[in-house]
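The structure file query_29.txt is reproduced below (compact mmCIF, C-alpha atoms and all ligand atoms).
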# COMPACT_ATOMS: atom_id res chain seq x y z
CA MET Y 1 -11.74 -24.59 39.33
CA GLU Y 2 -14.59 -26.38 37.63
CA ALA Y 3 -15.07 -25.37 34.02
CA ARG Y 4 -17.43 -26.39 31.25
CA ILE Y 5 -15.83 -26.19 27.81
CA VAL Y 6 -17.84 -26.68 24.64
CA VAL Y 7 -15.77 -28.29 21.91
CA LEU Y 8 -16.57 -27.80 18.21
CA PRO Y 9 -14.16 -30.02 16.24
CA GLY Y 10 -15.64 -29.07 12.86
CA ASP Y 11 -14.37 -30.41 9.54
CA GLY Y 12 -11.18 -31.64 7.85
CA ILE Y 13 -8.24 -31.59 10.27
CA GLY Y 14 -10.42 -29.83 12.88
CA PRO Y 15 -11.21 -33.05 14.78
CA GLU Y 16 -7.55 -34.16 14.61
CA VAL Y 17 -6.07 -30.98 16.09
CA VAL Y 18 -8.87 -30.63 18.65
CA ALA Y 19 -8.25 -34.20 19.84
CA ALA Y 20 -4.62 -33.25 20.49
CA ALA Y 21 -5.66 -30.20 22.53
CA LEU Y 22 -8.11 -32.32 24.50
CA ALA Y 23 -5.26 -34.67 25.37
CA VAL Y 24 -3.45 -31.73 26.96
CA LEU Y 25 -6.42 -30.76 29.11
CA PRO Y 26 -6.35 -33.75 31.53
CA ALA Y 27 -2.63 -33.18 32.06
CA VAL Y 28 -3.35 -29.57 33.12
CA ALA Y 29 -6.30 -30.72 35.27
CA ALA Y 30 -4.20 -33.33 37.04
CA ARG Y 31 -1.23 -31.03 37.62
CA TYR Y 32 -3.26 -28.14 39.02
CA GLY Y 33 -6.28 -29.95 40.54
CA HIS Y 34 -9.00 -28.61 38.23
CA THR Y 35 -12.08 -30.29 36.77
CA PHE Y 36 -12.69 -29.60 33.10
CA GLU Y 37 -15.91 -30.93 31.62
CA THR Y 38 -16.03 -31.02 27.83
CA GLU Y 39 -19.03 -31.37 25.57
CA GLU Y 40 -18.80 -31.80 21.78
CA HIS Y 41 -21.17 -30.20 19.30
CA LEU Y 42 -21.56 -29.88 15.54
CA ILE Y 43 -20.62 -26.86 13.44
CA GLY Y 44 -19.78 -26.24 9.78
CA GLY Y 45 -19.99 -28.85 7.03
CA GLY Y 46 -20.64 -31.76 9.39
CA ALA Y 47 -23.56 -29.84 10.87
CA ILE Y 48 -24.93 -29.10 7.38
CA ASP Y 49 -24.83 -32.82 6.54
CA ALA Y 50 -26.47 -33.82 9.82
CA CYS Y 51 -28.98 -31.00 10.36
CA GLY Y 52 -29.07 -28.86 7.21
CA THR Y 53 -27.64 -25.83 9.00
CA ALA Y 54 -24.06 -24.74 9.73
CA LEU Y 55 -24.91 -23.78 13.32
CA PRO Y 56 -27.61 -26.01 14.88
CA ASP Y 57 -29.67 -24.45 17.69
CA GLU Y 58 -28.30 -27.01 20.13
CA THR Y 59 -24.73 -25.90 19.38
CA ARG Y 60 -25.64 -22.23 19.75
CA ARG Y 61 -27.36 -22.89 23.10
CA ALA Y 62 -24.46 -24.95 24.44
CA CYS Y 63 -21.92 -22.24 23.48
CA LEU Y 64 -23.96 -19.54 25.18
CA GLN Y 65 -24.02 -21.58 28.40
CA ALA Y 66 -20.39 -22.69 28.37
CA ASP Y 67 -17.48 -21.08 30.20
CA ALA Y 68 -15.53 -21.13 26.92
CA VAL Y 69 -15.57 -22.70 23.47
CA LEU Y 70 -12.73 -24.48 21.66
CA LEU Y 71 -13.10 -24.79 17.88
CA GLY Y 72 -11.12 -26.70 15.25
CA ALA Y 73 -11.94 -25.49 11.74
CA VAL Y 74 -14.79 -25.65 9.27
CA GLY Y 75 -15.15 -26.10 5.54
CA GLY Y 76 -14.09 -28.38 2.73
CA PRO Y 77 -14.51 -28.93 -1.00
CA GLN Y 78 -17.69 -30.98 -0.59
CA TRP Y 79 -19.52 -27.87 0.69
CA ASP Y 80 -17.90 -25.38 -1.73
CA ASP Y 81 -20.59 -25.21 -4.41
CA PRO Y 82 -21.17 -21.44 -4.80
CA ALA Y 83 -24.85 -22.15 -5.48
CA ALA Y 84 -25.30 -24.08 -2.19
CA PRO Y 85 -27.97 -22.46 0.02
CA VAL Y 86 -25.84 -22.88 3.15
CA ARG Y 87 -22.06 -22.84 3.64
CA PRO Y 88 -19.86 -24.03 6.53
CA GLU Y 89 -18.36 -20.55 7.13
CA GLN Y 90 -21.85 -19.26 7.94
CA GLY Y 91 -21.61 -21.34 11.12
CA LEU Y 92 -18.49 -19.42 12.16
CA LEU Y 93 -19.96 -16.00 11.44
CA ALA Y 94 -23.17 -16.98 13.23
CA ILE Y 95 -21.48 -18.23 16.40
CA ARG Y 96 -19.25 -15.12 16.55
CA GLN Y 97 -22.34 -12.98 16.26
CA ALA Y 98 -24.43 -15.04 18.72
CA MET Y 99 -21.66 -14.84 21.34
CA GLY Y 100 -21.04 -11.14 20.59
CA LEU Y 101 -17.35 -11.81 19.92
CA PHE Y 102 -16.21 -8.45 18.60
CA ALA Y 103 -12.46 -8.74 19.22
CA ASN Y 104 -10.20 -11.38 17.70
CA LEU Y 105 -6.75 -11.59 19.27
CA ARG Y 106 -3.92 -13.21 17.35
CA PRO Y 107 -0.53 -13.23 19.00
CA VAL Y 108 2.47 -13.86 16.72
CA ARG Y 109 5.76 -14.70 18.42
CA PRO Y 110 7.95 -16.92 16.27
CA HIS Y 111 9.77 -19.58 18.25
CA PRO Y 112 13.55 -18.87 18.09
CA ASP Y 113 14.24 -22.36 16.74
CA LEU Y 114 11.72 -21.96 13.93
CA LEU Y 115 13.05 -18.78 12.36
CA ALA Y 116 14.45 -20.83 9.47
CA ALA Y 117 10.94 -22.20 8.74
CA SER Y 118 9.76 -18.72 7.71
CA PRO Y 119 10.34 -17.44 4.18
CA LEU Y 120 11.65 -14.21 5.74
CA ARG Y 121 15.34 -13.84 6.55
CA PRO Y 122 15.95 -14.85 10.20
CA GLU Y 123 17.47 -11.44 11.11
CA ARG Y 124 14.20 -9.77 10.11
CA LEU Y 125 12.36 -12.00 12.59
CA GLN Y 126 14.57 -11.30 15.60
CA GLY Y 127 12.44 -9.86 18.39
CA VAL Y 128 9.07 -10.26 16.64
CA ASP Y 129 6.35 -10.37 19.32
CA LEU Y 130 3.13 -8.81 18.12
CA LEU Y 131 -0.57 -9.05 18.81
CA VAL Y 132 -3.18 -8.32 16.16
CA VAL Y 133 -6.55 -7.22 17.53
CA ARG Y 134 -9.06 -7.58 14.70
CA GLU Y 135 -12.61 -6.23 14.86
CA LEU Y 136 -14.75 -9.30 14.23
CA THR Y 137 -18.46 -8.56 14.06
CA GLY Y 138 -18.68 -5.40 11.96
CA GLY Y 139 -17.48 -3.95 8.70
CA ILE Y 140 -17.92 -5.29 5.22
CA TYR Y 141 -18.52 -8.92 6.25
CA PHE Y 142 -21.75 -7.95 7.98
CA GLY Y 143 -22.93 -4.67 6.43
CA THR Y 144 -26.15 -4.48 4.44
CA PRO Y 145 -27.21 -4.20 1.71
CA ARG Y 146 -25.27 -7.19 0.49
CA GLU Y 147 -26.81 -8.31 -2.76
CA ARG Y 148 -26.75 -8.77 -6.48
CA ARG Y 149 -28.93 -6.52 -8.55
CA THR Y 150 -29.45 -5.72 -12.17
CA VAL Y 151 -28.71 -2.16 -13.27
CA ASN Y 152 -29.11 -1.14 -16.92
CA GLY Y 153 -29.35 -4.78 -17.89
CA GLU Y 154 -26.05 -5.68 -16.18
CA ILE Y 155 -25.56 -7.67 -12.97
CA GLN Y 156 -23.95 -5.74 -10.12
CA ALA Y 157 -22.85 -6.99 -6.70
CA VAL Y 158 -22.75 -4.77 -3.65
CA ASP Y 159 -21.23 -5.18 -0.18
CA THR Y 160 -21.48 -2.52 2.50
CA LEU Y 161 -18.66 -1.34 4.76
CA VAL Y 162 -20.22 0.27 7.81
CA TYR Y 163 -18.83 1.01 11.29
CA SER Y 164 -20.42 2.80 14.20
CA GLN Y 165 -18.31 4.61 16.78
CA SER Y 166 -19.29 2.23 19.57
CA GLU Y 167 -17.97 -0.72 17.56
CA ILE Y 168 -14.65 1.03 16.98
CA ARG Y 169 -14.41 2.24 20.55
CA ARG Y 170 -14.87 -1.14 22.24
CA VAL Y 171 -12.29 -2.94 20.10
CA SER Y 172 -9.87 -0.03 20.55
CA HIS Y 173 -10.15 -0.42 24.33
CA VAL Y 174 -9.20 -4.09 23.99
CA ALA Y 175 -6.10 -3.08 22.03
CA PHE Y 176 -5.01 -0.31 24.41
CA GLN Y 177 -5.57 -2.50 27.46
CA ALA Y 178 -3.47 -5.24 25.87
CA ALA Y 179 -0.74 -2.73 24.99
CA ARG Y 180 -0.58 -1.60 28.62
CA GLN Y 181 0.28 -5.19 29.60
CA ARG Y 182 2.87 -5.40 26.81
CA ARG Y 183 5.33 -2.86 25.35
CA GLY Y 184 2.92 0.08 25.36
CA LYS Y 185 2.45 0.69 21.64
CA VAL Y 186 -0.66 0.52 19.45
CA THR Y 187 -0.57 0.66 15.65
CA SER Y 188 -4.00 1.41 14.22
CA VAL Y 189 -4.37 0.27 10.62
CA ASP Y 190 -6.90 1.90 8.29
CA LYS Y 191 -7.34 3.36 4.82
CA ALA Y 192 -8.20 6.88 5.95
CA ASN Y 193 -6.89 8.45 2.75
CA VAL Y 194 -9.76 6.82 0.83
CA LEU Y 195 -12.51 5.43 3.08
CA GLU Y 196 -14.95 7.45 5.20
CA SER Y 197 -15.32 4.48 7.57
CA SER Y 198 -11.55 4.61 8.08
CA ARG Y 199 -11.65 8.34 8.85
CA LEU Y 200 -14.20 7.62 11.58
CA TRP Y 201 -12.01 4.71 12.71
CA ARG Y 202 -8.97 7.00 13.06
CA GLN Y 203 -10.90 9.75 14.83
CA THR Y 204 -12.38 7.27 17.32
CA VAL Y 205 -9.08 5.50 18.01
CA ASN Y 206 -7.56 8.93 18.74
CA GLU Y 207 -10.35 9.63 21.23
CA VAL Y 208 -9.82 6.30 22.99
CA ALA Y 209 -6.04 6.85 23.01
CA ALA Y 210 -6.53 9.94 25.15
CA GLU Y 211 -7.64 7.60 27.95
CA TYR Y 212 -4.33 5.70 27.81
CA PRO Y 213 -1.60 8.31 28.23
CA GLY Y 214 1.10 5.66 28.76
CA VAL Y 215 0.47 4.01 25.39
CA VAL Y 216 2.06 5.33 22.18
CA LEU Y 217 -0.30 5.36 19.18
CA GLU Y 218 0.66 5.36 15.51
CA HIS Y 219 -1.64 5.25 12.47
CA VAL Y 220 -0.55 3.27 9.41
CA LEU Y 221 -2.40 2.85 6.13
CA VAL Y 222 -3.25 -0.77 5.39
CA ASP Y 223 -1.12 -0.96 2.25
CA ALA Y 224 1.92 0.32 4.17
CA ALA Y 225 1.13 -2.01 7.08
CA ALA Y 226 1.17 -5.00 4.71
CA MET Y 227 4.66 -3.96 3.65
CA HIS Y 228 5.97 -3.12 7.14
CA LEU Y 229 4.88 -6.54 8.41
CA LEU Y 230 7.50 -8.01 6.10
CA THR Y 231 10.17 -5.29 6.26
CA ARG Y 232 10.10 -4.36 9.96
CA PRO Y 233 7.83 -6.84 11.81
CA ALA Y 234 9.66 -6.41 15.12
CA SER Y 235 8.58 -2.74 15.27
CA PHE Y 236 4.96 -3.75 16.02
CA ASP Y 237 3.53 -4.36 19.46
CA VAL Y 238 -0.30 -4.28 19.24
CA ILE Y 239 -1.99 -3.80 15.85
CA VAL Y 240 -5.68 -2.89 15.89
CA THR Y 241 -7.72 -2.92 12.72
CA GLU Y 242 -11.12 -3.47 11.17
CA ASN Y 243 -12.53 -6.83 10.13
CA MET Y 244 -11.41 -7.32 6.53
CA PHE Y 245 -7.99 -5.65 6.90
CA GLY Y 246 -7.44 -7.82 9.98
CA ASP Y 247 -8.46 -10.96 8.12
CA ILE Y 248 -5.82 -10.33 5.49
CA LEU Y 249 -3.03 -8.98 7.70
CA THR Y 250 -3.30 -11.83 10.21
CA ASP Y 251 -2.71 -14.41 7.49
CA GLU Y 252 0.27 -12.40 6.33
CA ALA Y 253 1.56 -12.14 9.91
CA SER Y 254 1.21 -15.91 10.31
CA VAL Y 255 3.98 -16.39 7.77
CA LEU Y 256 6.36 -14.82 10.30
CA ALA Y 257 5.81 -17.81 12.57
CA GLY Y 258 6.83 -20.37 9.97
CA SER Y 259 3.49 -22.15 9.58
CA MET Y 260 -0.15 -21.32 9.96
CA GLY Y 261 -0.35 -24.50 11.99
CA ASN Y 262 1.42 -22.82 14.91
CA LEU Y 263 -0.82 -19.87 15.54
CA PRO Y 264 -3.69 -19.57 18.02
CA SER Y 265 -6.47 -17.04 18.33
CA ALA Y 266 -8.93 -15.86 20.93
CA SER Y 267 -12.25 -14.16 20.19
CA LEU Y 268 -13.66 -12.17 23.06
CA GLY Y 269 -16.81 -10.17 23.66
CA GLU Y 270 -18.66 -8.42 26.43
CA THR Y 271 -20.49 -11.37 27.97
CA ARG Y 272 -18.96 -13.01 31.02
CA ASN Y 273 -19.05 -16.63 32.09
CA ARG Y 274 -20.04 -17.79 35.58
CA HIS Y 275 -16.43 -17.27 36.74
CA GLY Y 276 -16.59 -13.59 35.75
CA PHE Y 277 -14.25 -13.90 32.76
CA PRO Y 278 -15.08 -13.26 29.07
CA ARG Y 279 -16.91 -16.20 27.47
CA GLY Y 280 -14.49 -16.57 24.56
CA LEU Y 281 -14.11 -18.75 21.51
CA TYR Y 282 -10.65 -20.14 20.84
CA GLU Y 283 -9.40 -21.58 17.56
CA PRO Y 284 -6.24 -22.01 15.53
CA ILE Y 285 -5.97 -19.51 12.70
CA HIS Y 286 -5.71 -22.14 10.00
CA GLY Y 287 -8.58 -23.71 8.08
CA SER Y 288 -9.66 -27.32 7.71
CA ALA Y 289 -6.71 -28.22 5.43
CA PRO Y 290 -8.60 -30.75 3.28
CA ASP Y 291 -5.35 -31.56 1.47
CA ILE Y 292 -3.97 -33.33 4.56
CA ALA Y 293 -7.19 -34.22 6.44
CA GLY Y 294 -7.46 -37.82 7.63
CA ARG Y 295 -3.73 -38.50 7.38
CA GLY Y 296 -2.95 -37.77 11.03
CA ILE Y 297 -0.12 -35.38 10.17
CA ALA Y 298 -1.68 -32.00 11.00
CA ASN Y 299 0.23 -29.68 13.30
CA PRO Y 300 -1.84 -29.34 16.50
CA ILE Y 301 0.27 -26.54 18.04
CA GLY Y 302 -2.06 -23.70 17.01
CA THR Y 303 -4.97 -25.48 18.69
CA ILE Y 304 -2.97 -26.36 21.81
CA LEU Y 305 -1.85 -22.72 22.10
CA SER Y 306 -5.51 -21.70 21.61
CA LEU Y 307 -6.31 -23.86 24.61
CA ALA Y 308 -3.63 -21.93 26.53
CA LEU Y 309 -5.38 -18.67 25.56
CA LEU Y 310 -8.67 -20.19 26.75
CA LEU Y 311 -7.14 -21.00 30.14
CA ARG Y 312 -5.77 -17.45 30.39
CA HIS Y 313 -8.66 -15.30 29.16
CA SER Y 314 -11.82 -17.30 29.95
CA LEU Y 315 -10.71 -19.10 33.11
CA GLY Y 316 -8.15 -16.70 34.58
CA LEU Y 317 -5.57 -19.52 34.82
CA GLU Y 318 -2.40 -17.61 33.86
CA GLY Y 319 0.05 -20.11 35.39
CA GLU Y 320 -1.65 -23.01 33.63
CA ALA Y 321 -1.64 -21.11 30.31
CA ARG Y 322 2.07 -20.44 30.67
CA ALA Y 323 2.72 -24.09 31.48
CA VAL Y 324 1.04 -25.17 28.23
CA GLU Y 325 2.98 -22.53 26.26
CA ALA Y 326 6.21 -23.66 27.91
CA ALA Y 327 5.46 -27.31 27.06
CA VAL Y 328 5.07 -26.35 23.39
CA ALA Y 329 8.24 -24.22 23.46
CA GLN Y 330 10.24 -27.05 25.09
CA THR Y 331 8.97 -29.50 22.48
CA LEU Y 332 10.12 -27.23 19.66
CA ALA Y 333 13.40 -26.41 21.39
CA ALA Y 334 14.09 -30.15 21.66
CA GLY Y 335 13.83 -30.32 17.86
CA TYR Y 336 10.47 -32.09 17.46
CA ARG Y 337 8.62 -31.01 14.32
CA THR Y 338 5.44 -31.87 12.43
CA ALA Y 339 5.64 -32.21 8.64
CA ASP Y 340 4.77 -28.55 7.96
CA LEU Y 341 7.74 -27.43 10.10
CA ALA Y 342 10.34 -30.10 9.40
CA ALA Y 343 13.44 -29.09 7.48
CA ASN Y 344 14.62 -31.14 4.51
CA GLY Y 345 15.77 -34.57 5.65
CA GLN Y 346 14.28 -34.22 9.13
CA LYS Y 347 11.86 -37.00 10.15
CA PRO Y 348 8.57 -35.38 11.19
CA LEU Y 349 6.31 -36.49 14.03
CA ASN Y 350 2.64 -37.10 13.35
CA THR Y 351 -0.14 -35.32 15.26
CA GLN Y 352 -0.41 -37.87 18.06
CA GLU Y 353 3.34 -38.19 18.47
CA ILE Y 354 3.92 -34.45 18.95
CA GLU Y 355 0.86 -34.26 21.21
CA ALA Y 356 2.44 -36.99 23.40
CA VAL Y 357 5.72 -35.05 23.66
CA ILE Y 358 3.89 -31.85 24.62
CA VAL Y 359 1.79 -33.70 27.23
CA SER Y 360 4.97 -35.28 28.65
CA HIS Y 361 6.29 -31.77 29.41
CA LEU Y 362 3.20 -31.12 31.53
CA GLY Y 363 3.60 -34.20 33.70
P1 LIG Y 401 -6.05 -23.89 5.27
O1 LIG Y 401 -5.58 -23.06 6.40
O2 LIG Y 401 -7.01 -24.97 5.60
O3 LIG Y 401 -4.78 -24.57 4.57
C1 LIG Y 401 -3.76 -23.81 3.92
C2 LIG Y 401 -2.49 -24.67 3.81
O4 LIG Y 401 -1.89 -24.79 5.11
C3 LIG Y 401 -2.78 -26.10 3.34
O5 LIG Y 401 -1.73 -26.53 2.54
C4 LIG Y 401 -2.80 -26.88 4.62
O6 LIG Y 401 -2.44 -28.25 4.47
C5 LIG Y 401 -1.81 -26.15 5.50
N1 LIG Y 401 -2.19 -26.23 6.92
C6 LIG Y 401 -3.20 -25.54 7.52
N2 LIG Y 401 -3.28 -25.89 8.80
C7 LIG Y 401 -2.31 -26.81 9.02
C8 LIG Y 401 -1.91 -27.56 10.15
N3 LIG Y 401 -2.51 -27.43 11.36
N4 LIG Y 401 -0.89 -28.42 10.01
C9 LIG Y 401 -0.26 -28.58 8.83
N5 LIG Y 401 -0.59 -27.90 7.71
C10 LIG Y 401 -1.62 -27.03 7.82
O7 LIG Y 401 -6.66 -22.91 4.19
P2 LIG Y 401 -7.41 -23.23 2.81
O8 LIG Y 401 -6.78 -24.42 2.16
O9 LIG Y 401 -7.47 -21.96 2.10
O10 LIG Y 401 -8.88 -23.61 3.23
C11 LIG Y 401 -9.36 -24.95 3.39
C12 LIG Y 401 -10.77 -24.90 3.94
O11 LIG Y 401 -10.76 -24.33 5.25
C13 LIG Y 401 -11.73 -24.06 3.10
O12 LIG Y 401 -12.97 -24.72 3.07
C14 LIG Y 401 -11.82 -22.75 3.88
O13 LIG Y 401 -13.04 -22.10 3.67
C15 LIG Y 401 -11.71 -23.26 5.29
N6 LIG Y 401 -11.22 -22.26 6.27
C16 LIG Y 401 -11.74 -22.34 7.51
C17 LIG Y 401 -11.28 -21.49 8.50
C18 LIG Y 401 -11.84 -21.64 9.87
O14 LIG Y 401 -12.49 -22.62 10.16
N7 LIG Y 401 -11.61 -20.69 10.76
C19 LIG Y 401 -10.27 -20.58 8.22
C20 LIG Y 401 -9.72 -20.55 6.94
C21 LIG Y 401 -10.20 -21.42 5.97

Now, as a test, write the supplied structure out as structure tokens.
Ligand code: NAD
Amino acid sequence: MEARIVVLPGDGIGPEVVAAALAVLPAVAARYGHTFETEEHLIGGGAIDACGTALPDETRRACLQADAVLLGAVGGPQWDDPAAPVRPEQGLLAIRQAMGLFANLRPVRPHPDLLAASPLRPERLQGVDLLVVRELTGGIYFGTPRERRTVNGEIQAVDTLVYSQSEIRRVSHVAFQAARQRRGKVTSVDKANVLESSRLWRQTVNEVAAEYPGVVLEHVLVDAAAMHLLTRPASFDVIVTENMFGDILTDEASVLAGSMGNLPSASLGETRNRHGFPRGLYEPIHGSAPDIAGRGIANPIGTILSLALLLRHSLGLEGEARAVEAAVAQTLAAGYRTADLAANGQKPLNTQEIEAVIVSHLG
């Protein structure tokens, strides 16, 4: 296989964790006889500094022509001024929209040796293996009007939560198809007791469910789902939900895995690359971690596992994806830890050191 991967390191620890993932790529290429071409482009704060926009046209074009995109993270305090005309996160929203990435997949499967790193009791975490499918291009983050206005002499702000049935339907299909490959259960999360958009969500998910007779569907209100994620996380298989609920629940679910640094994500849409697979965007779920940026201690596992998802979903390389996941699992099983995972008294490895151990398992 010959594949062209666009790499967007971004800001803060983004370049550090992406460099670690790019060190894994040649090991996979050599072991399986593939050619991976990579091409770096600007996004986020670095792009604002260089070009005045969070998503330069050149980056957008390159992403739309690539087989897949690997992203680090964007953002940082130097671009946080609320009055700034352009913000790093706009680059993320814009690339998701440009690539039509409507489904964000976040698998959470805590490594057995890391159960103690989670604030939850280890027995609660036994058997946790869930996948959150979050709608990514609709809902309140994109609805209009979105504005400030003055009413009766007072400033008001308004955001709009809008979903059309086609948006709900296509992300529901992603969830049901994933459930068919897994344990056959979908939990749809909404707020149907209050929100009209959630009532349409529930109705539409029910309609899609009729096409998947082998999959069990349950509906859970978002407030209850937030609680069940902590009290009975192992009961979930696939969770499907709208954009903002998914944003919040996926961060909560990340706690189950011990550190945000461990968790990957895949964003998929309808467009296909030249190999016939979805042209996805892959990124760790964490942000740019300005508090540790530049110190070389970031945990690169979430980015390396994102690369595994890229191999699986955008290149159809299941064996290669599993090999990368196994290399990470073996590294953790052997007791190697970055600072965010290390127990008291344990000497942590830095980013490059853990990258080297993971690469050694792919040799
Ligand atoms: P964050 O995820 O960057 O960091 C939260 C905490 O987790 C920090 O203490 C950080 O040091 C730690 N952490 C995160 N990733 C880690 C890793 N790989 N290894 C070790 N520790 C890690 O969230 P935040 O601090 O709320 O946000 C920082 C910046 O990142 C903000 O500008 C925010 O807007 C941006 N952000 C970007 C994305 C993205 O690019 N997708 C997502 C979330 C936040």

Discussion item. With distances taken over all atoms listed in the file, which residue among Y:Ala329, Y:Leu310, Y:Val240, Y:Val17 lies nearest ligand LIG 401 (chain Y)?
Written reply: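 Of Y:Ala329, Y:Leu310, Y:Val240, Y:Val17, the one nearest ligand LIG 401 (chain Y), counting all atoms listed in the file, is Y:Val17.
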
Fill in: Residue among Y:Leu217, Y:Ala225, Y:Ile285, Y:Val186 lying closest to ligand LIG 401 (chain Y), counting only C-alpha atoms and all ligand atoms
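Of Y:Leu217, Y:Ala225, Y:Ile285, Y:Val186, the one nearest ligand LIG 401 (chain Y), counting only C-alpha atoms and all ligand atoms, is Y:Ile285.
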
Fill in: Nearby residues, ligand LIG 401 (chain Y), 10 Å, only C-alpha atoms and all ligand atoms, as a VMD selection string
chain Y and resid 9 to 14 16 to 17 43 to 45 71 to 80 87 to 89 91 to 93 247 251 259 to 263 265 283 to 293 296 to 303 338 to 341 350 to 351

Hey, which bits of stretch 196-302 of chain Y sit within 8 Å of stretch 110-119 of chain Y, and for each residue what's the closest pair of atoms and how far apart in Å (one decimal), counting all atoms listed in the file, rows by chain and increasing number, as JSON lines?
{"residue": "Y:Val255", "atom": "CA", "partner": "Y:Ser118", "partner_atom": "CA", "distance": 6.2}
{"residue": "Y:Leu256", "atom": "CA", "partner": "Y:Ser118", "partner_atom": "CA", "distance": 5.8}
{"residue": "Y:Ala257", "atom": "CA", "partner": "Y:Pro110", "partner_atom": "CA", "distance": 4.4}
{"residue": "Y:Gly258", "atom": "CA", "partner": "Y:Ser118", "partner_atom": "CA", "distance": 4.1}
{"residue": "Y:Ser259", "atom": "CA", "partner": "Y:Ser118", "partner_atom": "CA", "distance": 7.4}

Worksheet item: Could you list as a VMD selection string every residue that has an atom within 6 Å of (-27.1, -29.6, 14.8), using the file's coordinates and counting all atoms listed in the file?
Response: chain Y and resid 42 47 51 56

Discussion item. Just want the 9 Å neighbourhood of Y:Ser360, counted on only C-alpha atoms, with same-chain residues fewer than 4 positions away dropped. Output as number ranges by chain.
Written reply: Y: 27, 327, 355-356

Worksheet item: Could you state the separation of atom CA of Y:Ala29 and atom CA of Y:Ala103 in Å, given to one decimal place?
Response: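 If I compute the distance from atom CA of Y:Ala29 to atom CA of Y:Ala103, I get 27.9 Å.
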
Practice prompt. Return the single residue from Y:Phe176, Y:Leu64, Y:Gly143, Y:Arg4 that is closest to Y:Thr35, with distances computed using only C-alpha atoms.
Written response: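 That would be Y:Arg4, the residue with the smallest distance to Y:Thr35.
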
Discussion item. Please report the interatomic distance between atom CA of Y:Val222 and atom CA of Y:Gln203 in Å with one decimal.
Written reply: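 Straight-line distance from atom CA of Y:Val222 to atom CA of Y:Gln203 works out to 16.1 Å.
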